[in-house]
Amino acid sequence: MKAAILKQLNSPLVLESQDDLIASDHEVIVQLNAAALNRRDFWICQGMYPGIQLPSILGSDGAGVVSKTNDSRSASWLGREVIINPGWNWGDNAAAQSDAFKILGMPVNGTFATHVQVPAQYLHEKPSHLSFVEAAALPLAGMTAYRALFTQGRLQPGEKVLISGIGGGVASFALQFACAAGAEVIVTSSSSEKIATAIRYGAAHGYDYNATDWVGEATTQFGPVNLIIDSAGGAGYRGLLDLAAPGGRIVNYGATAGPPPKLDLFKVFWKQLHLIGSTMGSPNDFAAMLQFVNERKIKPIIDETLPLSAVNEAIEKMRHSSQFGKITLDCRD
């Protein structure tokens, strides 16, 4: 097998040949056709992620064909086209992950490779309407978006939704899922090109979050928002409190701009707002996300597909957040 290995922080991944993987009990080997990048991979490379263990094969998302099994209980997967749930050991509490929760792709060797070793319980059939590249784009970001919108955000058809920072994988899935569920969606970005792309994918309108009074403009044009899906936090969080409708929900799945410098609790309690956190998703969230994608024949937005040998180019592209949708890798040897 071949794998792209992170050996040192702030250094390129090294593509190497390794011994073929051997499946242990209850595990399978998946021969990967495609993988996808997440912001998590970039943060790990920069040393800005907790619990980094090196050397490690990064990559949480992958799709391929089961090539090896080691026991009768997993033998039924042999030769089948699959995608992988990257969230392992969630635990018994649907409300939050256990202390044992971990994500495929560090410390467990991940999908930036031609093959990956996976417990059979985390396999799912590849949606038949998706290519391997499209399927590989789905797991981590799709599950995160689904939980934020539906499990935590309790989205209902006809509600008004704001998705901040459109362009990234989770935000792009949130846009697709919310539109498919019958919501009215607006987005924010500092890029007019990304806003135009979001409108082509179903957004009603988009706003430049650097503009002085975008919140006032959005409130006038679109009205107060029932549900806000945010990954930034930071100083802009204040505007989200203003835009939220009374009784509205604000779900955060990240804080790329850091914590809000000031949280107006008066506004929170007087408007009876719900501030909600969301991380990844449970096995039930993953299964429900796949069902949603299958029923509505949703296809992930692919920004670019590069060969596995160009993985460092793909990671560097994430530094500038220039993509709209997912950056994927062709893992075929």
# chains A, B, ... in the order shown; residues from 1 in each chain; ligands from 1
>>> closest_atom_pairs(of="segment 256-310 of chain A", to="segment 82-100 of chain A", cutoff="10 Å", atoms="only C-alpha atoms", output="Markdown table")
| residue | atom | partner | partner_atom | distance |
| --- | --- | --- | --- | --- |
| A:Gly277 | CA | A:Ala96 | CA | 10.0 |
| A:Ser278 | CA | A:Ala96 | CA | 8.6 |
| A:Thr279 | CA | A:Ala96 | CA | 8.4 |
| A:Met280 | CA | A:Gly87 | CA | 7.2 |
| A:Gly281 | CA | A:Gly87 | CA | 7.2 |
| A:Ser282 | CA | A:Trp90 | CA | 6.0 |
| A:Pro283 | CA | A:Trp90 | CA | 7.4 |
| A:Asn284 | CA | A:Ala94 | CA | 8.1 |
| A:Asp285 | CA | A:Ala94 | CA | 9.0 |
| A:Phe286 | CA | A:Asn85 | CA | 7.1 |
| A:Ala287 | CA | A:Asn85 | CA | 9.1 |
>>> residues_around(residues="Met48 of chain A", least_positions_apart="4", cutoff="12 Å", atoms="only C-alpha atoms", output="ChimeraX atom specification")
/A:9-10,39-44,52,256
>>> write_last_selection(atoms="C-alpha atoms", output="PDB file, in the first residue's frame")
ATOM      1  CA  LEU A   9       4.575  19.450  12.151  1.00  0.00           C
ATOM      2  CA  ASN A  10       4.696  22.306   9.639  1.00  0.00           C
ATOM      3  CA  ARG A  39     -10.108  21.604   8.032  1.00  0.00           C
ATOM      4  CA  ARG A  40      -9.040  19.208  10.797  1.00  0.00           C
ATOM      5  CA  ASP A  41      -6.241  17.884   8.566  1.00  0.00           C
ATOM      6  CA  PHE A  42      -4.871  21.382   8.032  1.00  0.00           C
ATOM      7  CA  TRP A  43      -4.958  22.207  11.761  1.00  0.00           C
ATOM      8  CA  ILE A  44      -3.111  18.983  12.602  1.00  0.00           C
ATOM      9  CA  ILE A  52      -1.307  15.156  18.088  1.00  0.00           C
ATOM     10  CA  THR A 256     -12.353  29.803  13.838  1.00  0.00           C
TER      11      THR A 256
END
>>> select_by_dssp(residues="segment 125-221 of chain A", states="strand (DSSP E or B)", output="list of chain:residue names")
A:Glu125, A:Lys160, A:Val161, A:Leu162, A:Ile163, A:Ile166, A:Gly168, A:Glu184, A:Val185, A:Ile186, A:Val187, A:Thr188, A:Ser189, A:His205, A:Gly206, A:Tyr207, A:Asp208
>>> closest_residue(among="A:Ala204, A:Val30, A:Leu58, A:Val215", to="Arg80 of chain A", atoms="only C-alpha atoms")
A:Val30
>>> residues_around(residues="Ala75 of chain A", least_positions_apart="2", cutoff="10 Å", atoms="only C-alpha atoms", output="ChimeraX atom specification")
/A:26-28,66,68-73,77-79,120
>>> write_last_selection(atoms="N, CA and C atoms", output="PDB file, in the first residue's frame")
ATOM      1  N   HIS A  26     -13.069  -8.547  13.662  1.00  0.00           N
ATOM      2  CA  HIS A  26     -14.119  -7.536  13.529  1.00  0.00           C
ATOM      3  C   HIS A  26     -13.692  -6.348  12.675  1.00  0.00           C
ATOM      4  N   GLU A  27     -12.555  -6.446  11.994  1.00  0.00           N
ATOM      5  CA  GLU A  27     -12.077  -5.358  11.149  1.00  0.00           C
ATOM      6  C   GLU A  27     -12.073  -5.777   9.677  1.00  0.00           C
ATOM      7  N   VAL A  28     -12.008  -4.785   8.810  1.00  0.00           N
ATOM      8  CA  VAL A  28     -11.868  -5.021   7.382  1.00  0.00           C
ATOM      9  C   VAL A  28     -10.785  -4.094   6.841  1.00  0.00           C
ATOM     10  N   VAL A  66     -14.330  -3.030   0.037  1.00  0.00           N
ATOM     11  CA  VAL A  66     -13.754  -3.898   1.059  1.00  0.00           C
ATOM     12  C   VAL A  66     -12.977  -5.008   0.368  1.00  0.00           C
ATOM     13  N   LYS A  68     -10.468  -7.064   2.184  1.00  0.00           N
ATOM     14  CA  LYS A  68     -10.084  -8.153   3.088  1.00  0.00           C
ATOM     15  C   LYS A  68     -10.959  -8.123   4.337  1.00  0.00           C
ATOM     16  N   THR A  69     -11.287  -9.303   4.856  1.00  0.00           N
ATOM     17  CA  THR A  69     -11.940  -9.432   6.162  1.00  0.00           C
ATOM     18  C   THR A  69     -11.239 -10.557   6.922  1.00  0.00           C
ATOM     19  N   ASN A  70     -11.567 -10.671   8.221  1.00  0.00           N
ATOM     20  CA  ASN A  70     -10.848 -11.666   9.025  1.00  0.00           C
ATOM     21  C   ASN A  70     -11.759 -12.542   9.870  1.00  0.00           C
ATOM     22  N   ASP A  71     -13.076 -12.388   9.774  1.00  0.00           N
ATOM     23  CA  ASP A  71     -13.973 -13.253  10.539  1.00  0.00           C
ATOM     24  C   ASP A  71     -15.317 -13.328   9.832  1.00  0.00           C
ATOM     25  N   SER A  72     -16.108 -14.295  10.209  1.00  0.00           N
ATOM     26  CA  SER A  72     -17.368 -14.569   9.520  1.00  0.00           C
ATOM     27  C   SER A  72     -18.355 -13.425   9.671  1.00  0.00           C
ATOM     28  N   ARG A  73     -18.276 -12.671  10.772  1.00  0.00           N
ATOM     29  CA  ARG A  73     -19.243 -11.603  11.003  1.00  0.00           C
ATOM     30  C   ARG A  73     -19.042 -10.407  10.082  1.00  0.00           C
ATOM     31  N   TRP A  77     -19.199  -8.126   4.068  1.00  0.00           N
ATOM     32  CA  TRP A  77     -18.791  -6.846   3.476  1.00  0.00           C
ATOM     33  C   TRP A  77     -17.817  -7.027   2.318  1.00  0.00           C
ATOM     34  N   LEU A  78     -17.260  -8.190   2.155  1.00  0.00           N
ATOM     35  CA  LEU A  78     -16.202  -8.407   1.173  1.00  0.00           C
ATOM     36  C   LEU A  78     -16.694  -8.068  -0.238  1.00  0.00           C
ATOM     37  N   GLY A  79     -15.950  -7.208  -0.921  1.00  0.00           N
ATOM     38  CA  GLY A  79     -16.264  -6.829  -2.286  1.00  0.00           C
ATOM     39  C   GLY A  79     -17.310  -5.737  -2.425  1.00  0.00           C
ATOM     40  N   ALA A 120     -15.568  -3.113  11.281  1.00  0.00           N
ATOM     41  CA  ALA A 120     -16.698  -3.300  10.364  1.00  0.00           C
ATOM     42  C   ALA A 120     -17.927  -2.506  10.785  1.00  0.00           C
TER      43      ALA A 120
END
>>> residues_around(residues="Ala232 of chain A", least_positions_apart="6", cutoff="10 Å", atoms="only C-alpha atoms", output="ChimeraX atom specification")
/A:164-165,252-260
>>> residues_around(residues="Ala218 of chain A", least_positions_apart="6", cutoff="9 Å", atoms="only C-alpha atoms", output="number ranges by chain")
A: 186, 205-207, 224, 243
>>> closest_residue(among="A:Leu15, A:Ala63, A:Ala198, A:Val251", to="Gly153 of chain A", atoms="only C-alpha atoms")
A:Val251
>>> closest_residue(among="A:Ala34, A:Leu273, A:Leu149, A:Ala23", to="Asp61 of chain A", atoms="only C-alpha atoms")
A:Ala34
>>> closest_residue(among="A:Thr197, A:Ser128, A:Ser189, A:Asn109", to="Gln291 of chain A", atoms="only C-alpha atoms")
A:Ser128
>>> residues_around(residues="Ala314 of chain A", least_positions_apart="3", cutoff="10 Å", atoms="only C-alpha atoms", output="MDAnalysis selection string")
chainID A and resid 36:37 42 304:311 317:319 327:329
>>> write_last_selection(atoms="all heavy atoms", output="compact mmCIF listing (two decimals), in the first residue's frame")
# COMPACT_ATOMS: atom_id res chain seq x y z
N ALA A 36 -11.18 12.55 1.19
CA ALA A 36 -11.48 13.98 1.18
C ALA A 36 -10.79 14.67 2.34
O ALA A 36 -10.53 14.05 3.38
CB ALA A 36 -12.99 14.22 1.24
N LEU A 37 -10.49 15.93 2.14
CA LEU A 37 -9.84 16.73 3.18
C LEU A 37 -10.88 17.43 4.04
O LEU A 37 -11.98 17.75 3.58
CB LEU A 37 -8.91 17.77 2.56
CG LEU A 37 -7.53 17.29 2.11
CD1 LEU A 37 -7.63 16.50 0.81
CD2 LEU A 37 -6.58 18.46 1.93
N PHE A 42 -5.74 20.21 8.09
CA PHE A 42 -4.87 21.38 8.03
C PHE A 42 -4.40 21.77 9.42
O PHE A 42 -3.21 22.04 9.63
CB PHE A 42 -5.62 22.55 7.37
CG PHE A 42 -4.84 23.84 7.37
CD1 PHE A 42 -3.82 24.04 6.47
CD2 PHE A 42 -5.11 24.83 8.30
CE1 PHE A 42 -3.10 25.23 6.46
CE2 PHE A 42 -4.40 26.01 8.31
CZ PHE A 42 -3.38 26.22 7.39
N GLU A 304 -12.47 20.39 -6.11
CA GLU A 304 -11.36 19.91 -6.92
C GLU A 304 -10.98 18.51 -6.45
O GLU A 304 -11.08 18.19 -5.27
CB GLU A 304 -10.15 20.85 -6.79
CG GLU A 304 -8.99 20.51 -7.69
CD GLU A 304 -7.84 21.51 -7.61
OE1 GLU A 304 -7.83 22.33 -6.66
OE2 GLU A 304 -6.96 21.47 -8.48
N THR A 305 -10.54 17.68 -7.41
CA THR A 305 -10.02 16.36 -7.09
C THR A 305 -8.58 16.27 -7.57
O THR A 305 -8.29 16.54 -8.74
CB THR A 305 -10.86 15.25 -7.75
OG1 THR A 305 -12.21 15.35 -7.31
CG2 THR A 305 -10.31 13.87 -7.39
N LEU A 306 -7.69 15.93 -6.66
CA LEU A 306 -6.27 15.82 -6.97
C LEU A 306 -5.80 14.39 -6.71
O LEU A 306 -6.41 13.67 -5.91
CB LEU A 306 -5.46 16.78 -6.09
CG LEU A 306 -5.75 18.28 -6.27
CD1 LEU A 306 -5.11 19.08 -5.14
CD2 LEU A 306 -5.22 18.75 -7.62
N PRO A 307 -4.70 13.97 -7.34
CA PRO A 307 -4.17 12.64 -7.02
C PRO A 307 -3.59 12.61 -5.61
O PRO A 307 -3.22 13.65 -5.06
CB PRO A 307 -3.08 12.44 -8.08
CG PRO A 307 -2.69 13.82 -8.49
CD PRO A 307 -3.93 14.66 -8.39
N LEU A 308 -3.52 11.42 -5.04
CA LEU A 308 -2.94 11.27 -3.70
C LEU A 308 -1.55 11.86 -3.62
O LEU A 308 -1.16 12.44 -2.60
CB LEU A 308 -2.92 9.78 -3.32
CG LEU A 308 -2.34 9.42 -1.96
CD1 LEU A 308 -3.15 10.05 -0.83
CD2 LEU A 308 -2.31 7.90 -1.79
N SER A 309 -0.80 11.76 -4.70
CA SER A 309 0.56 12.31 -4.70
C SER A 309 0.60 13.83 -4.55
O SER A 309 1.64 14.40 -4.23
CB SER A 309 1.28 11.90 -6.00
OG SER A 309 0.56 12.38 -7.13
N ALA A 310 -0.55 14.49 -4.79
CA ALA A 310 -0.63 15.96 -4.66
C ALA A 310 -1.32 16.38 -3.36
O ALA A 310 -1.86 17.48 -3.27
CB ALA A 310 -1.36 16.55 -5.86
N VAL A 311 -1.26 15.53 -2.35
CA VAL A 311 -1.96 15.81 -1.10
C VAL A 311 -1.47 17.10 -0.45
O VAL A 311 -2.25 17.86 0.15
CB VAL A 311 -1.83 14.62 -0.13
CG1 VAL A 311 -0.38 14.36 0.27
CG2 VAL A 311 -2.69 14.84 1.12
N LYS A 317 -4.06 24.43 -0.22
CA LYS A 317 -5.22 25.17 -0.71
C LYS A 317 -6.15 25.53 0.45
O LYS A 317 -6.79 26.58 0.44
CB LYS A 317 -5.97 24.35 -1.76
CG LYS A 317 -7.13 25.09 -2.40
CD LYS A 317 -7.71 24.34 -3.59
CE LYS A 317 -8.82 25.14 -4.24
NZ LYS A 317 -9.35 24.51 -5.46
N MET A 318 -6.22 24.68 1.46
CA MET A 318 -7.08 24.95 2.60
C MET A 318 -6.59 26.14 3.42
O MET A 318 -7.37 26.78 4.13
CB MET A 318 -7.19 23.72 3.49
CG MET A 318 -7.78 22.50 2.80
SD MET A 318 -8.37 21.27 3.96
CE MET A 318 -9.99 21.94 4.35
N ARG A 319 -5.31 26.43 3.34
CA ARG A 319 -4.75 27.56 4.09
C ARG A 319 -5.46 28.86 3.73
O ARG A 319 -5.68 29.72 4.57
CB ARG A 319 -3.25 27.68 3.82
CG ARG A 319 -2.57 28.80 4.58
CD ARG A 319 -1.14 28.99 4.12
NE ARG A 319 -0.34 27.79 4.27
CZ ARG A 319 0.28 27.45 5.40
NH1 ARG A 319 0.19 28.23 6.46
NH2 ARG A 319 0.98 26.34 5.45
N ILE A 327 -12.55 19.44 -1.13
CA ILE A 327 -11.33 19.07 -1.85
C ILE A 327 -11.13 17.57 -1.64
O ILE A 327 -11.13 17.09 -0.50
CB ILE A 327 -10.11 19.84 -1.34
CG1 ILE A 327 -10.34 21.34 -1.46
CG2 ILE A 327 -8.85 19.43 -2.11
CD1 ILE A 327 -9.28 22.18 -0.74
N THR A 328 -10.98 16.84 -2.73
CA THR A 328 -10.92 15.38 -2.65
C THR A 328 -9.63 14.85 -3.28
O THR A 328 -8.97 15.55 -4.06
CB THR A 328 -12.14 14.73 -3.32
OG1 THR A 328 -12.23 15.21 -4.66
CG2 THR A 328 -13.42 15.09 -2.57
N LEU A 329 -9.33 13.59 -2.96
CA LEU A 329 -8.14 12.92 -3.47
C LEU A 329 -8.53 11.64 -4.20
O LEU A 329 -9.39 10.89 -3.72
CB LEU A 329 -7.18 12.57 -2.34
CG LEU A 329 -6.62 13.72 -1.49
CD1 LEU A 329 -5.84 13.16 -0.31
CD2 LEU A 329 -5.73 14.63 -2.34
>>> atom_distance(atom1="atom CA of Leu241 of chain A", atom2="atom CA of Val225 of chain A")
9.9 Å
>>> closest_residue(among="A:Gln156, A:Ser322, A:Gln18, A:Gln8", to="Ser191 of chain A", atoms="only C-alpha atoms")
A:Ser322
>>> atom_distance(atom1="atom CA of Pro300 of chain A", atom2="atom CA of Asp230 of chain A")
19.6 Å
>>> atom_distance(atom1="atom CA of Tyr146 of chain A", atom2="atom CA of Val133 of chain A")
19.7 Å
>>> residues_around(residues="Cys179 of chain A", least_positions_apart="2", cutoff="10 Å", atoms="only C-alpha atoms", output="VMD selection string")
chain A and resid 157 to 158 161 173 to 177 181 to 185 201 to 204
>>> write_last_selection(atoms="N, CA, C and O atoms", output="mmCIF file, in the first residue's frame")
data_model
loop_
_atom_site.group_PDB
_atom_site.id
_atom_site.type_symbol
_atom_site.label_atom_id
_atom_site.label_comp_id
_atom_site.auth_asym_id
_atom_site.auth_seq_id
_atom_site.Cartn_x
_atom_site.Cartn_y
_atom_site.Cartn_z
ATOM 1 N N PRO A 157 -39.352 22.615 8.158
ATOM 2 C CA PRO A 157 -39.606 23.200 6.830
ATOM 3 C C PRO A 157 -40.208 24.600 6.934
ATOM 4 O O PRO A 157 -41.030 24.873 7.813
ATOM 5 N N GLY A 158 -39.779 25.488 6.065
ATOM 6 C CA GLY A 158 -40.307 26.850 6.036
ATOM 7 C C GLY A 158 -39.589 27.820 6.946
ATOM 8 O O GLY A 158 -39.838 29.032 6.868
ATOM 9 N N VAL A 161 -33.072 30.350 7.733
ATOM 10 C CA VAL A 161 -31.777 29.857 8.207
ATOM 11 C C VAL A 161 -30.661 30.752 7.687
ATOM 12 O O VAL A 161 -30.684 31.162 6.515
ATOM 13 N N PHE A 173 -22.553 21.687 2.871
ATOM 14 C CA PHE A 173 -23.558 20.650 3.124
ATOM 15 C C PHE A 173 -24.767 21.231 3.852
ATOM 16 O O PHE A 173 -25.911 20.863 3.572
ATOM 17 N N ALA A 174 -24.526 22.128 4.797
ATOM 18 C CA ALA A 174 -25.646 22.733 5.517
ATOM 19 C C ALA A 174 -26.568 23.475 4.556
ATOM 20 O O ALA A 174 -27.794 23.429 4.689
ATOM 21 N N LEU A 175 -25.987 24.171 3.582
ATOM 22 C CA LEU A 175 -26.790 24.852 2.572
ATOM 23 C C LEU A 175 -27.625 23.846 1.781
ATOM 24 O O LEU A 175 -28.843 24.025 1.622
ATOM 25 N N GLN A 176 -27.001 22.790 1.293
ATOM 26 C CA GLN A 176 -27.720 21.791 0.506
ATOM 27 C C GLN A 176 -28.813 21.111 1.326
ATOM 28 O O GLN A 176 -29.936 20.914 0.852
ATOM 29 N N PHE A 177 -28.483 20.728 2.555
ATOM 30 C CA PHE A 177 -29.447 20.010 3.396
ATOM 31 C C PHE A 177 -30.625 20.909 3.773
ATOM 32 O O PHE A 177 -31.777 20.476 3.746
ATOM 33 N N ALA A 181 -34.563 20.472 2.784
ATOM 34 C CA ALA A 181 -35.565 20.305 3.833
ATOM 35 C C ALA A 181 -36.663 21.361 3.780
ATOM 36 O O ALA A 181 -37.567 21.368 4.611
ATOM 37 N N GLY A 182 -36.583 22.270 2.807
ATOM 38 C CA GLY A 182 -37.634 23.264 2.643
ATOM 39 C C GLY A 182 -37.439 24.541 3.416
ATOM 40 O O GLY A 182 -38.398 25.295 3.631
ATOM 41 N N ALA A 183 -36.208 24.829 3.831
ATOM 42 C CA ALA A 183 -35.925 26.073 4.546
ATOM 43 C C ALA A 183 -35.595 27.190 3.554
ATOM 44 O O ALA A 183 -35.217 26.939 2.411
ATOM 45 N N GLU A 184 -35.745 28.434 4.017
ATOM 46 C CA GLU A 184 -35.259 29.610 3.292
ATOM 47 C C GLU A 184 -33.888 29.954 3.857
ATOM 48 O O GLU A 184 -33.752 30.152 5.070
ATOM 49 N N VAL A 185 -32.885 30.023 2.993
ATOM 50 C CA VAL A 185 -31.509 30.108 3.465
ATOM 51 C C VAL A 185 -30.829 31.363 2.944
ATOM 52 O O VAL A 185 -30.925 31.694 1.754
ATOM 53 N N TYR A 201 -26.779 27.393 -5.735
ATOM 54 C CA TYR A 201 -27.124 26.140 -5.050
ATOM 55 C C TYR A 201 -28.351 26.275 -4.153
ATOM 56 O O TYR A 201 -28.649 25.364 -3.389
ATOM 57 N N GLY A 202 -29.046 27.410 -4.240
ATOM 58 C CA GLY A 202 -30.333 27.495 -3.563
ATOM 59 C C GLY A 202 -30.474 28.567 -2.514
ATOM 60 O O GLY A 202 -31.578 28.771 -1.990
ATOM 61 N N ALA A 203 -29.385 29.255 -2.151
ATOM 62 C CA ALA A 203 -29.512 30.338 -1.166
ATOM 63 C C ALA A 203 -30.361 31.469 -1.728
ATOM 64 O O ALA A 203 -30.285 31.794 -2.916
ATOM 65 N N ALA A 204 -31.181 32.081 -0.872
ATOM 66 C CA ALA A 204 -32.022 33.192 -1.302
ATOM 67 C C ALA A 204 -31.215 34.479 -1.463
ATOM 68 O O ALA A 204 -31.518 35.311 -2.324
#
